[in-house]
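Colleague: Take a look at this one; I'll ask things after.
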Protein chains: 2
Amino acid sequence: MPPPVQPAPCKHSHSHCANVDLIEQAVERCKAAGLRRTRALNDVLHILIEAGQPMTLADVTESKHLHSGADRATVYRLLMKLEERGILRRLGLHDRAAYYTMVFPGHHNDYLICTKCGKIQRLEISCPVEVLEKQIAKQSGFTGLYHELEFFGLCPKCS
Amino acid sequence: MPPPVQPAPCKHSHSHCANVDLIEQAVERCKAAGLRRTRALNDVLHILIEAGQPMTLADVTESKHLHSGADRATVYRLLMKLEERGILRRLGLHDRAAYYTMVFPGHHNDYLICTKCGKIQRLEISCPVEVLEKQIAKQSGFTGLYHELEFFGLCPKCS
DNA sequence: ATACATGCAAACATTTTGCTTTGGC
DNA sequence: GCCAAAGCAAAATGTTTGCATGTAT
């Protein structure tokens, strides 16, 4: 029963969109990673960035901003490639479907999620886990460490 | 490719198992919640508690400790009921399958997960998020708040 | 005796792949 | 022109449900 993610304010993939800078940065990283500049890739980046929220494969595929009309399999493969290249990250947010969200160096997001209606809210907090993370990296020998922190509960409406 | 979760040391659902106290406590809570004391329920509790780790539906169903030989659907329904009653919790650990883990009042676990081989390791840390949680509960109006904290990266073998 | 629990089989939802065609470089 | 990307359709995986039967209380 999770509600559809809010559509992004962006309408035409042009400079009057919000987050132009972020989009440019992402496109740049894709190019550097050897991806071809296709319409579908462009759309997916736009959609995820403008949404500013984790989205499922279905969310992206059905977004009205997917002007290329790219196929589910195409979007899926794009998401995979972007994940492999560290441009986005897959999150396990309890829904049956996987969620994807953009990764920008130096940025980190935590979420507050209603276990009943599935609403996902980004938290504006300074996460106290960073320190811990370095410590764990050292002790465990894991590399490329990052973390996910989610709070679950019933939102006011569902309470 | 996540490896099968390690089987528990418990062999016969009796007092020489480790964690007898925890099992008793869980059984008690189930009874209080109005669940019938069936063989399948008993097995599921044992398996999850002795494993001391999150397990998938398949892990539980295929466990050699599922002496009752209960069906996938049965185990599934048990897990649902236990979740609804707060006796266990479903975790989103990035695998396609959902993970389930026992909940004991006053206990909290964080995990370290290899994004390549899927190995799940419980962390023995004092989680710095508790304070934050109370703060968020107050600000957001959410009730029944709890959190999940996971660290992801490549384990030494996969690095 | 009654209501809840189980088993089996089938329906679903979502992800993932194979193969041919298209299009970026 | 060559190889990556896209499109279409089907397979794979994991979850969930319907219904007849068994069993705890």
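Labels for the structure tokens follow display order: chains A, B, ..., residues from 1 in each chain, ligands from 1.
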Lay chain B over chain A using all C-alpha atoms, matched one to one in order, with a least-squares fit; then write it out as a CSV table (one decimal) with N, CA and C atoms, in the first residue's frame.
Modeller:
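So the final result, stored in selection_9.csv, reads:
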```csv
chain,number,residue,atom,x,y,z
B,1,MET,N,1.0,-1.3,0.2
B,1,MET,CA,0.2,-0.1,0.0
B,1,MET,C,0.9,1.2,0.0
B,2,PRO,N,2.2,1.2,-0.2
B,2,PRO,CA,3.0,2.4,-0.2
B,2,PRO,C,2.5,3.3,-1.3
B,3,PRO,N,2.3,4.6,-1.0
B,3,PRO,CA,1.8,5.5,-2.0
B,3,PRO,C,2.9,5.8,-3.1
B,4,PRO,N,2.5,6.2,-4.2
B,4,PRO,CA,3.4,6.5,-5.3
B,4,PRO,C,4.3,7.6,-4.8
B,5,VAL,N,5.5,7.6,-5.2
B,5,VAL,CA,6.4,8.6,-4.8
B,5,VAL,C,6.0,9.9,-5.6
B,6,GLN,N,6.1,11.0,-4.9
B,6,GLN,CA,5.8,12.3,-5.5
B,6,GLN,C,6.5,12.5,-6.8
B,7,PRO,N,5.9,12.9,-7.8
B,7,PRO,CA,6.6,13.3,-9.1
B,7,PRO,C,7.4,14.5,-8.9
B,8,ALA,N,8.5,14.5,-9.6
B,8,ALA,CA,9.4,15.7,-9.5
B,8,ALA,C,8.9,16.9,-10.1
B,9,PRO,N,9.3,18.1,-9.7
B,9,PRO,CA,8.9,19.3,-10.3
B,9,PRO,C,9.4,19.6,-11.7
B,10,CYS,N,10.5,18.8,-12.0
B,10,CYS,CA,11.1,19.1,-13.3
B,10,CYS,C,10.2,18.7,-14.5
B,11,LYS,N,10.2,19.5,-15.5
B,11,LYS,CA,9.4,19.2,-16.7
B,11,LYS,C,10.1,18.9,-18.0
B,12,HIS,N,11.1,19.5,-18.3
B,12,HIS,CA,11.7,19.3,-19.6
B,12,HIS,C,13.2,19.0,-19.8
B,13,SER,N,13.8,18.5,-18.8
B,13,SER,CA,15.2,18.1,-18.8
B,13,SER,C,16.1,19.3,-19.2
B,14,HIS,N,15.6,20.5,-18.9
B,14,HIS,CA,16.5,21.7,-19.2
B,14,HIS,C,16.9,22.5,-18.1
B,15,SER,N,17.5,23.6,-18.4
B,15,SER,CA,18.2,24.4,-17.3
B,15,SER,C,17.3,25.0,-16.3
B,16,HIS,N,16.0,25.1,-16.6
B,16,HIS,CA,15.1,25.7,-15.6
B,16,HIS,C,14.6,24.6,-14.6
B,17,CYS,N,15.2,23.4,-14.6
B,17,CYS,CA,14.9,22.5,-13.6
B,17,CYS,C,15.7,22.8,-12.4
B,18,ALA,N,15.2,22.3,-11.2
B,18,ALA,CA,16.0,22.5,-10.0
B,18,ALA,C,17.1,21.5,-10.2
B,19,ASN,N,18.1,21.6,-9.4
B,19,ASN,CA,19.2,20.6,-9.4
B,19,ASN,C,20.0,20.4,-10.6
B,20,VAL,N,20.0,21.4,-11.5
B,20,VAL,CA,20.7,21.3,-12.7
B,20,VAL,C,22.2,20.9,-12.5
B,21,ASP,N,22.7,21.5,-11.5
B,21,ASP,CA,24.1,21.2,-11.1
B,21,ASP,C,24.3,19.7,-10.8
B,22,LEU,N,23.4,19.2,-10.0
B,22,LEU,CA,23.5,17.8,-9.6
B,22,LEU,C,23.4,16.9,-10.8
B,23,ILE,N,22.4,17.3,-11.7
B,23,ILE,CA,22.2,16.4,-12.9
B,23,ILE,C,23.5,16.5,-13.8
B,24,GLU,N,24.0,17.6,-13.9
B,24,GLU,CA,25.3,17.7,-14.7
B,24,GLU,C,26.4,16.8,-14.1
B,25,GLN,N,26.5,16.9,-12.8
B,25,GLN,CA,27.5,16.2,-12.1
B,25,GLN,C,27.3,14.7,-12.4
B,26,ALA,N,26.0,14.2,-12.3
B,26,ALA,CA,25.7,12.8,-12.5
B,26,ALA,C,26.0,12.4,-13.9
B,27,VAL,N,25.6,13.2,-14.9
B,27,VAL,CA,25.9,12.9,-16.3
B,27,VAL,C,27.4,12.8,-16.5
B,28,GLU,N,28.1,13.7,-15.9
B,28,GLU,CA,29.5,13.7,-16.0
B,28,GLU,C,30.1,12.4,-15.5
B,29,ARG,N,29.6,11.9,-14.4
B,29,ARG,CA,30.1,10.7,-13.8
B,29,ARG,C,29.8,9.5,-14.7
B,30,CYS,N,28.6,9.5,-15.3
B,30,CYS,CA,28.2,8.4,-16.2
B,30,CYS,C,29.1,8.4,-17.4
B,31,LYS,N,29.4,9.5,-17.9
B,31,LYS,CA,30.3,9.6,-19.1
B,31,LYS,C,31.6,9.0,-18.7
B,32,ALA,N,32.2,9.5,-17.6
B,32,ALA,CA,33.5,9.0,-17.1
B,32,ALA,C,33.5,7.5,-16.9
B,33,ALA,N,32.3,7.0,-16.5
B,33,ALA,CA,32.2,5.5,-16.3
B,33,ALA,C,32.0,4.7,-17.6
B,34,GLY,N,32.0,5.4,-18.7
B,34,GLY,CA,31.9,4.8,-20.0
B,34,GLY,C,30.5,4.5,-20.4
B,35,LEU,N,29.5,5.1,-19.8
B,35,LEU,CA,28.1,4.8,-20.3
B,35,LEU,C,27.8,5.8,-21.4
B,36,ARG,N,27.0,5.3,-22.3
B,36,ARG,CA,26.6,6.1,-23.5
B,36,ARG,C,25.5,7.0,-23.1
B,37,ARG,N,25.5,8.2,-23.7
B,37,ARG,CA,24.5,9.2,-23.3
B,37,ARG,C,23.2,9.0,-24.1
B,38,THR,N,22.4,8.1,-23.5
B,38,THR,CA,21.1,7.8,-24.2
B,38,THR,C,20.0,8.6,-23.5
B,39,ARG,N,18.9,8.7,-24.3
B,39,ARG,CA,17.7,9.4,-23.7
B,39,ARG,C,17.2,8.7,-22.5
B,40,ALA,N,17.2,7.4,-22.4
B,40,ALA,CA,16.8,6.7,-21.3
B,40,ALA,C,17.6,7.0,-20.0
B,41,LEU,N,18.9,7.0,-20.2
B,41,LEU,CA,19.8,7.3,-19.1
B,41,LEU,C,19.5,8.7,-18.6
B,42,ASN,N,19.4,9.6,-19.5
B,42,ASN,CA,19.2,11.0,-19.1
B,42,ASN,C,17.9,11.1,-18.3
B,43,ASP,N,16.9,10.5,-18.8
B,43,ASP,CA,15.6,10.5,-18.1
B,43,ASP,C,15.7,9.9,-16.7
B,44,VAL,N,16.3,8.8,-16.6
B,44,VAL,CA,16.4,8.1,-15.3
B,44,VAL,C,17.2,9.0,-14.3
B,45,LEU,N,18.2,9.6,-14.7
B,45,LEU,CA,19.0,10.5,-13.8
B,45,LEU,C,18.1,11.6,-13.4
B,46,HIS,N,17.4,12.2,-14.3
B,46,HIS,CA,16.5,13.4,-14.0
B,46,HIS,C,15.5,13.0,-13.0
B,47,ILE,N,14.9,11.9,-13.2
B,47,ILE,CA,13.8,11.4,-12.4
B,47,ILE,C,14.2,11.2,-11.0
B,48,LEU,N,15.3,10.5,-10.8
B,48,LEU,CA,15.8,10.2,-9.5
B,48,LEU,C,16.3,11.4,-8.7
B,49,ILE,N,16.9,12.3,-9.5
B,49,ILE,CA,17.5,13.5,-8.8
B,49,ILE,C,16.3,14.4,-8.4
B,50,GLU,N,15.4,14.6,-9.3
B,50,GLU,CA,14.3,15.6,-9.0
B,50,GLU,C,13.4,15.0,-8.0
B,51,ALA,N,13.3,13.7,-7.9
B,51,ALA,CA,12.4,13.1,-6.9
B,51,ALA,C,13.0,13.4,-5.5
B,52,GLY,N,14.3,13.4,-5.4
B,52,GLY,CA,15.0,13.6,-4.1
B,52,GLY,C,14.6,12.6,-3.1
B,53,GLN,N,14.1,11.4,-3.6
B,53,GLN,CA,13.7,10.4,-2.7
B,53,GLN,C,14.0,9.0,-3.3
B,54,PRO,N,14.1,8.0,-2.5
B,54,PRO,CA,14.3,6.7,-3.1
B,54,PRO,C,13.1,6.3,-3.9
B,55,MET,N,13.3,5.6,-5.0
B,55,MET,CA,12.2,5.2,-5.9
B,55,MET,C,12.4,3.7,-6.3
B,56,THR,N,11.3,3.1,-6.6
B,56,THR,CA,11.4,1.7,-7.0
B,56,THR,C,11.5,1.7,-8.5
B,57,LEU,N,11.8,0.5,-9.0
B,57,LEU,CA,11.9,0.3,-10.5
B,57,LEU,C,10.6,0.7,-11.1
B,58,ALA,N,9.5,0.3,-10.5
B,58,ALA,CA,8.2,0.7,-11.1
B,58,ALA,C,7.9,2.2,-11.0
B,59,ASP,N,8.3,2.8,-9.9
B,59,ASP,CA,8.2,4.3,-9.8
B,59,ASP,C,8.8,4.9,-11.0
B,60,VAL,N,10.1,4.6,-11.3
B,60,VAL,CA,10.8,5.2,-12.3
B,60,VAL,C,10.2,4.9,-13.7
B,61,THR,N,9.9,3.6,-13.9
B,61,THR,CA,9.4,3.2,-15.2
B,61,THR,C,8.1,3.9,-15.5
B,62,GLU,N,7.3,4.1,-14.5
B,62,GLU,CA,5.9,4.7,-14.7
B,62,GLU,C,5.9,6.2,-14.6
B,63,SER,N,7.1,6.8,-14.3
B,63,SER,CA,7.1,8.2,-14.1
B,63,SER,C,6.8,8.9,-15.5
B,64,LYS,N,6.0,10.0,-15.4
B,64,LYS,CA,5.6,10.7,-16.6
B,64,LYS,C,6.8,11.5,-17.1
B,65,HIS,N,7.9,11.5,-16.3
B,65,HIS,CA,9.1,12.2,-16.8
B,65,HIS,C,10.0,11.3,-17.6
B,66,LEU,N,9.6,10.0,-17.7
B,66,LEU,CA,10.4,9.1,-18.5
B,66,LEU,C,10.0,9.3,-20.0
B,67,HIS,N,10.4,10.4,-20.5
B,67,HIS,CA,10.0,10.8,-21.9
B,67,HIS,C,10.3,9.8,-23.0
B,68,SER,N,11.4,9.1,-22.7
B,68,SER,CA,11.8,8.2,-23.8
B,68,SER,C,10.9,7.0,-23.8
B,69,GLY,N,10.1,6.8,-22.8
B,69,GLY,CA,9.2,5.7,-22.7
B,69,GLY,C,9.9,4.4,-22.6
B,70,ALA,N,11.1,4.4,-22.0
B,70,ALA,CA,11.9,3.2,-21.9
B,70,ALA,C,11.2,2.1,-21.2
B,71,ASP,N,11.5,0.9,-21.6
B,71,ASP,CA,11.0,-0.3,-21.1
B,71,ASP,C,11.5,-0.6,-19.7
B,72,ARG,N,10.7,-1.5,-19.0
B,72,ARG,CA,11.1,-1.9,-17.7
B,72,ARG,C,12.5,-2.5,-17.6
B,73,ALA,N,12.7,-3.4,-18.6
B,73,ALA,CA,14.0,-4.1,-18.6
B,73,ALA,C,15.2,-3.1,-18.8
B,74,THR,N,14.9,-2.1,-19.7
B,74,THR,CA,15.9,-1.1,-19.9
B,74,THR,C,16.2,-0.3,-18.7
B,75,VAL,N,15.2,0.2,-18.0
B,75,VAL,CA,15.4,0.9,-16.8
B,75,VAL,C,16.1,0.1,-15.8
B,76,TYR,N,15.7,-1.2,-15.7
B,76,TYR,CA,16.3,-2.1,-14.7
B,76,TYR,C,17.8,-2.2,-15.0
B,77,ARG,N,18.1,-2.4,-16.3
B,77,ARG,CA,19.6,-2.5,-16.6
B,77,ARG,C,20.3,-1.2,-16.3
B,78,LEU,N,19.7,-0.1,-16.6
B,78,LEU,CA,20.4,1.1,-16.3
B,78,LEU,C,20.6,1.3,-14.8
B,79,LEU,N,19.6,0.9,-14.0
B,79,LEU,CA,19.8,1.0,-12.6
B,79,LEU,C,20.9,0.1,-12.1
B,80,MET,N,21.0,-1.0,-12.6
B,80,MET,CA,22.1,-2.0,-12.3
B,80,MET,C,23.4,-1.3,-12.6
B,81,LYS,N,23.5,-0.8,-13.8
B,81,LYS,CA,24.8,-0.2,-14.2
B,81,LYS,C,25.2,1.0,-13.3
B,82,LEU,N,24.2,1.8,-13.0
B,82,LEU,CA,24.5,2.9,-12.2
B,82,LEU,C,24.9,2.5,-10.7
B,83,GLU,N,24.2,1.4,-10.3
B,83,GLU,CA,24.6,0.9,-9.0
B,83,GLU,C,26.0,0.4,-9.0
B,84,GLU,N,26.4,-0.4,-10.0
B,84,GLU,CA,27.7,-1.0,-10.0
B,84,GLU,C,28.8,0.1,-10.0
B,85,ARG,N,28.4,1.2,-10.7
B,85,ARG,CA,29.4,2.3,-10.8
B,85,ARG,C,29.3,3.3,-9.6
B,86,GLY,N,28.5,2.9,-8.6
B,86,GLY,CA,28.4,3.8,-7.4
B,86,GLY,C,27.7,5.1,-7.6
B,87,ILE,N,26.9,5.2,-8.7
B,87,ILE,CA,26.2,6.5,-8.9
B,87,ILE,C,24.9,6.5,-8.2
B,88,LEU,N,24.4,5.3,-8.0
B,88,LEU,CA,23.2,5.2,-7.2
B,88,LEU,C,23.3,4.0,-6.2
B,89,ARG,N,22.4,3.9,-5.3
B,89,ARG,CA,22.5,2.9,-4.3
B,89,ARG,C,21.1,2.2,-4.2
B,90,ARG,N,21.1,0.9,-4.0
B,90,ARG,CA,19.9,0.2,-3.7
B,90,ARG,C,19.6,0.2,-2.2
B,91,LEU,N,18.4,0.5,-1.8
B,91,LEU,CA,18.1,0.4,-0.4
B,91,LEU,C,17.1,-0.6,-0.1
B,92,GLY,N,17.2,-1.2,1.1
B,92,GLY,CA,16.2,-2.2,1.5
B,92,GLY,C,15.3,-1.5,2.5
B,93,LEU,N,14.2,-1.0,2.0
B,93,LEU,CA,13.3,-0.2,2.8
B,93,LEU,C,12.0,-1.0,3.2
B,94,HIS,N,12.1,-2.3,3.2
B,94,HIS,CA,11.0,-3.1,3.7
B,94,HIS,C,9.9,-3.4,2.8
B,95,ASP,N,9.8,-2.6,1.7
B,95,ASP,CA,8.8,-2.9,0.8
B,95,ASP,C,9.3,-4.1,0.0
B,96,ARG,N,8.4,-4.8,-0.7
B,96,ARG,CA,8.8,-5.9,-1.4
B,96,ARG,C,9.8,-5.5,-2.5
B,97,ALA,N,9.5,-4.4,-3.1
B,97,ALA,CA,10.3,-3.9,-4.1
B,97,ALA,C,11.6,-3.1,-3.6
B,98,ALA,N,12.6,-3.2,-4.4
B,98,ALA,CA,13.9,-2.5,-4.0
B,98,ALA,C,13.8,-1.0,-4.3
B,99,TYR,N,14.4,-0.2,-3.5
B,99,TYR,CA,14.4,1.2,-3.8
B,99,TYR,C,15.8,1.7,-4.2
B,100,TYR,N,15.8,2.7,-5.1
B,100,TYR,CA,17.1,3.2,-5.6
B,100,TYR,C,17.1,4.7,-5.3
B,101,THR,N,18.3,5.1,-5.0
B,101,THR,CA,18.5,6.6,-4.7
B,101,THR,C,19.9,7.0,-5.1
B,102,MET,N,20.0,8.2,-5.6
B,102,MET,CA,21.2,8.8,-6.1
B,102,MET,C,22.2,8.9,-4.9
B,103,VAL,N,23.5,8.7,-5.3
B,103,VAL,CA,24.6,8.9,-4.3
B,103,VAL,C,25.4,10.1,-4.7
B,104,PHE,N,25.6,11.0,-3.8
B,104,PHE,CA,26.5,12.1,-4.1
B,104,PHE,C,27.5,12.2,-3.0
B,105,PRO,N,28.8,12.2,-3.5
B,105,PRO,CA,29.9,12.2,-2.5
B,105,PRO,C,29.7,13.2,-1.4
B,106,GLY,N,29.9,12.8,-0.2
B,106,GLY,CA,29.7,13.7,0.9
B,106,GLY,C,28.3,13.9,1.4
B,107,HIS,N,27.4,13.3,0.7
B,107,HIS,CA,26.0,13.4,1.2
B,107,HIS,C,25.5,12.1,1.8
B,108,HIS,N,24.7,12.2,2.8
B,108,HIS,CA,24.2,11.0,3.3
B,108,HIS,C,22.7,11.2,3.8
B,109,ASN,N,21.9,10.3,3.6
B,109,ASN,CA,20.5,10.4,4.0
B,109,ASN,C,20.0,9.3,4.9
B,110,ASP,N,19.2,9.7,5.8
B,110,ASP,CA,18.5,8.8,6.7
B,110,ASP,C,17.0,8.9,6.5
B,111,TYR,N,16.3,7.9,6.8
B,111,TYR,CA,14.9,7.9,6.5
B,111,TYR,C,14.0,7.6,7.6
B,112,LEU,N,12.8,8.1,7.6
B,112,LEU,CA,11.7,7.8,8.5
B,112,LEU,C,10.6,7.2,7.7
B,113,ILE,N,10.2,6.0,8.1
B,113,ILE,CA,9.3,5.2,7.3
B,113,ILE,C,8.1,4.7,8.1
B,114,CYS,N,6.9,4.9,7.5
B,114,CYS,CA,5.7,4.4,8.2
B,114,CYS,C,5.5,3.0,7.8
B,115,THR,N,5.4,2.1,8.8
B,115,THR,CA,5.3,0.7,8.6
B,115,THR,C,3.9,0.3,8.1
B,116,LYS,N,2.9,1.3,8.2
B,116,LYS,CA,1.6,1.0,7.7
B,116,LYS,C,1.4,1.5,6.3
B,117,CYS,N,1.5,2.8,6.1
B,117,CYS,CA,1.2,3.3,4.8
B,117,CYS,C,2.4,3.4,3.9
B,118,GLY,N,3.6,3.1,4.4
B,118,GLY,CA,4.8,3.1,3.6
B,118,GLY,C,5.4,4.4,3.2
B,119,LYS,N,4.9,5.5,3.8
B,119,LYS,CA,5.4,6.8,3.5
B,119,LYS,C,6.9,6.9,3.8
B,120,ILE,N,7.7,7.4,2.9
B,120,ILE,CA,9.1,7.6,3.2
B,120,ILE,C,9.4,9.1,3.3
B,121,GLN,N,10.1,9.4,4.4
B,121,GLN,CA,10.4,10.8,4.7
B,121,GLN,C,11.9,10.9,4.9
B,122,ARG,N,12.5,11.9,4.2
B,122,ARG,CA,14.0,12.0,4.4
B,122,ARG,C,14.2,12.8,5.7
B,123,LEU,N,15.2,12.4,6.5
B,123,LEU,CA,15.4,13.1,7.7
B,123,LEU,C,16.6,14.1,7.6
B,124,GLU,N,16.3,15.3,8.1
B,124,GLU,CA,17.3,16.3,8.1
B,124,GLU,C,18.1,16.3,9.4
B,125,ILE,N,18.9,15.3,9.5
B,125,ILE,CA,19.6,15.2,10.8
B,125,ILE,C,21.1,15.0,10.5
B,126,SER,N,21.9,15.3,11.5
B,126,SER,CA,23.3,15.0,11.3
B,126,SER,C,23.5,13.7,11.9
B,127,CYS,N,23.8,12.7,11.1
B,127,CYS,CA,23.9,11.3,11.5
B,127,CYS,C,25.1,11.1,12.4
B,128,PRO,N,24.9,10.5,13.6
B,128,PRO,CA,25.9,10.3,14.5
B,128,PRO,C,26.7,9.0,14.3
B,129,VAL,N,26.5,8.4,13.1
B,129,VAL,CA,27.1,7.1,12.9
B,129,VAL,C,28.4,7.1,12.2
B,130,GLU,N,28.7,8.3,11.6
B,130,GLU,CA,30.0,8.4,10.8
B,130,GLU,C,31.2,7.9,11.6
B,131,VAL,N,31.3,8.4,12.8
B,131,VAL,CA,32.5,8.0,13.6
B,131,VAL,C,32.5,6.5,13.8
B,132,LEU,N,31.4,6.0,14.2
B,132,LEU,CA,31.3,4.5,14.4
B,132,LEU,C,31.7,3.8,13.1
B,133,GLU,N,31.4,4.3,12.0
B,133,GLU,CA,31.7,3.7,10.7
B,133,GLU,C,33.1,3.5,10.5
B,134,LYS,N,33.9,4.5,10.8
B,134,LYS,CA,35.4,4.4,10.6
B,134,LYS,C,35.9,3.3,11.5
B,135,GLN,N,35.4,3.3,12.8
B,135,GLN,CA,35.8,2.4,13.8
B,135,GLN,C,35.6,0.9,13.3
B,136,ILE,N,34.4,0.7,12.8
B,136,ILE,CA,34.0,-0.6,12.3
B,136,ILE,C,34.8,-1.0,11.1
B,137,ALA,N,35.1,-0.1,10.2
B,137,ALA,CA,35.9,-0.4,9.0
B,137,ALA,C,37.3,-0.9,9.5
B,138,LYS,N,37.8,-0.2,10.5
B,138,LYS,CA,39.2,-0.6,11.0
B,138,LYS,C,39.1,-2.0,11.6
B,139,GLN,N,38.1,-2.2,12.5
B,139,GLN,CA,38.1,-3.5,13.2
B,139,GLN,C,37.7,-4.7,12.3
B,140,SER,N,36.9,-4.5,11.3
B,140,SER,CA,36.3,-5.6,10.6
B,140,SER,C,37.1,-5.9,9.3
B,141,GLY,N,37.9,-5.0,8.9
B,141,GLY,CA,38.6,-5.2,7.6
B,141,GLY,C,37.8,-5.1,6.4
B,142,PHE,N,36.5,-4.7,6.6
B,142,PHE,CA,35.7,-4.4,5.4
B,142,PHE,C,36.2,-3.2,4.7
B,143,THR,N,36.0,-3.2,3.4
B,143,THR,CA,36.3,-2.0,2.6
B,143,THR,C,35.1,-1.4,2.0
B,144,GLY,N,35.2,-0.1,1.6
B,144,GLY,CA,34.1,0.6,1.0
B,144,GLY,C,32.9,0.7,1.8
B,145,LEU,N,33.1,0.8,3.1
B,145,LEU,CA,32.0,0.8,4.0
B,145,LEU,C,31.1,2.0,3.9
B,146,TYR,N,29.8,1.8,4.0
B,146,TYR,CA,28.8,2.9,4.1
B,146,TYR,C,27.7,2.3,5.0
B,147,HIS,N,26.8,3.2,5.4
B,147,HIS,CA,25.7,2.6,6.2
B,147,HIS,C,24.3,3.1,5.8
B,148,GLU,N,23.4,2.5,6.4
B,148,GLU,CA,22.0,2.8,6.1
B,148,GLU,C,21.3,2.9,7.5
B,149,LEU,N,20.6,4.0,7.7
B,149,LEU,CA,19.9,4.1,9.0
B,149,LEU,C,18.5,4.5,8.7
B,150,GLU,N,17.6,3.7,9.2
B,150,GLU,CA,16.2,3.9,9.0
B,150,GLU,C,15.4,3.8,10.3
B,151,PHE,N,14.5,4.7,10.4
B,151,PHE,CA,13.6,4.7,11.6
B,151,PHE,C,12.2,4.3,11.1
B,152,PHE,N,11.6,3.3,11.8
B,152,PHE,CA,10.3,2.8,11.4
B,152,PHE,C,9.3,3.1,12.5
B,153,GLY,N,8.1,3.3,12.2
B,153,GLY,CA,7.0,3.5,13.1
B,153,GLY,C,5.7,3.8,12.4
B,154,LEU,N,4.7,4.2,13.2
B,154,LEU,CA,3.5,4.6,12.6
B,154,LEU,C,3.4,6.1,12.5
B,155,CYS,N,3.1,6.6,11.3
B,155,CYS,CA,3.0,8.0,11.1
B,155,CYS,C,1.7,8.5,11.8
B,156,PRO,N,1.7,9.8,12.1
B,156,PRO,CA,0.5,10.4,12.8
B,156,PRO,C,-0.8,9.9,12.2
B,157,LYS,N,-1.0,9.9,10.9
B,157,LYS,CA,-2.2,9.5,10.3
B,157,LYS,C,-2.6,8.0,10.6
B,158,CYS,N,-1.5,7.2,10.6
B,158,CYS,CA,-1.8,5.8,10.7
B,158,CYS,C,-1.8,5.3,12.2
B,159,SER,N,-1.4,6.2,13.1
B,159,SER,CA,-1.3,5.9,14.5
B,159,SER,C,-2.7,5.5,15.1
```
Colleague: Which parts of chain A does DSSP call alpha helix (DSSP H) when run on the backbone here, written out as a PyMOL selection string?
Modeller: chain A and resi 20-32+39-51+57-62+72-84+130-140
Colleague: Which of these residues is nearest to C:DT17, using only C-alpha atoms (C1' of nucleotides): D:DT23, D:DA12, D:DG1, D:DG7?
Modeller: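 So, comparing all the options, the nearest one is D:DA12.
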Colleague: Compile the residues of chain D that lie within 10 Å of chain A, evaluated using only C-alpha atoms (C1' of nucleotides), and express the compilation as a PyMOL selection string.
Modeller: chain D and resi 4-8+14-15
Colleague: What residues in chain C lie within 8 Å of chain B, counting only C-alpha atoms (C1' of nucleotides), written as a list in words?
Modeller: DC4, DT6 and DG7 of chain C
Colleague: Emit the selected residues as a PDB file, in the first residue's frame, including N, CA and C atoms (P, O5', C5', C4', C3', O3' and C1' of nucleotides).
Modeller:
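The result, stored in result12.pdb:
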```pdb
ATOM      1  P    DC C   4     -10.576 -17.941  15.796  1.00  0.00           P
ATOM      2  O5'  DC C   4      -9.094 -18.500  15.684  1.00  0.00           O
ATOM      3  C5'  DC C   4      -8.464 -19.013  16.855  1.00  0.00           C
ATOM      4  C4'  DC C   4      -7.485 -20.079  16.419  1.00  0.00           C
ATOM      5  C3'  DC C   4      -6.464 -19.572  15.407  1.00  0.00           C
ATOM      6  O3'  DC C   4      -5.199 -20.006  15.883  1.00  0.00           O
ATOM      7  C1'  DC C   4      -7.453 -21.568  14.642  1.00  0.00           C
ATOM      8  P    DT C   6       0.422 -24.120  12.428  1.00  0.00           P
ATOM      9  O5'  DT C   6      -0.147 -25.062  11.286  1.00  0.00           O
ATOM     10  C5'  DT C   6      -0.224 -26.472  11.529  1.00  0.00           C
ATOM     11  C4'  DT C   6      -0.635 -27.178  10.265  1.00  0.00           C
ATOM     12  C3'  DT C   6       0.374 -27.078   9.125  1.00  0.00           C
ATOM     13  O3'  DT C   6       0.782 -28.387   8.810  1.00  0.00           O
ATOM     14  C1'  DT C   6      -1.835 -26.680   8.362  1.00  0.00           C
ATOM     15  P    DG C   7       2.045 -28.675   7.959  1.00  0.00           P
ATOM     16  O5'  DG C   7       1.405 -29.072   6.553  1.00  0.00           O
ATOM     17  C5'  DG C   7       0.286 -29.927   6.540  1.00  0.00           C
ATOM     18  C4'  DG C   7      -0.176 -30.179   5.119  1.00  0.00           C
ATOM     19  C3'  DG C   7       0.897 -30.049   4.038  1.00  0.00           C
ATOM     20  O3'  DG C   7       0.721 -31.149   3.157  1.00  0.00           O
ATOM     21  C1'  DG C   7      -0.889 -28.521   3.599  1.00  0.00           C
TER      22       DG C   7
END
```
Colleague: So which residues touch C:DA10 within 12 Å, counting only C-alpha atoms (C1' of nucleotides), skipping near sequence neighbours fewer than 4 positions away, as a list of chain:residue names?
Modeller: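 Once the adjacent positions are removed, what remains is D:DT16, D:DT17, D:DG18, D:DC19.
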Colleague: DSSP on the backbone, then: every residue of stretch 49-136 of chain A marked strand (DSSP E), written as a ChimeraX atom specification.
Modeller: /A:55-56,88-91,99-102,110-114,120-123
Colleague: Could you pull the residues within 12 Å of D:DA11, counting only C-alpha atoms (C1' of nucleotides), minus those fewer than 3 positions along the same chain, as a list in words?
Modeller: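 Residues meeting the cut-off are DT15, DT16, DT17 and DG18 of chain C.
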Colleague: In Å, with one decimal, what is the gap from atom C1' of D:DG22 to atom C1' of C:DA5?
Modeller: 8.2 Å
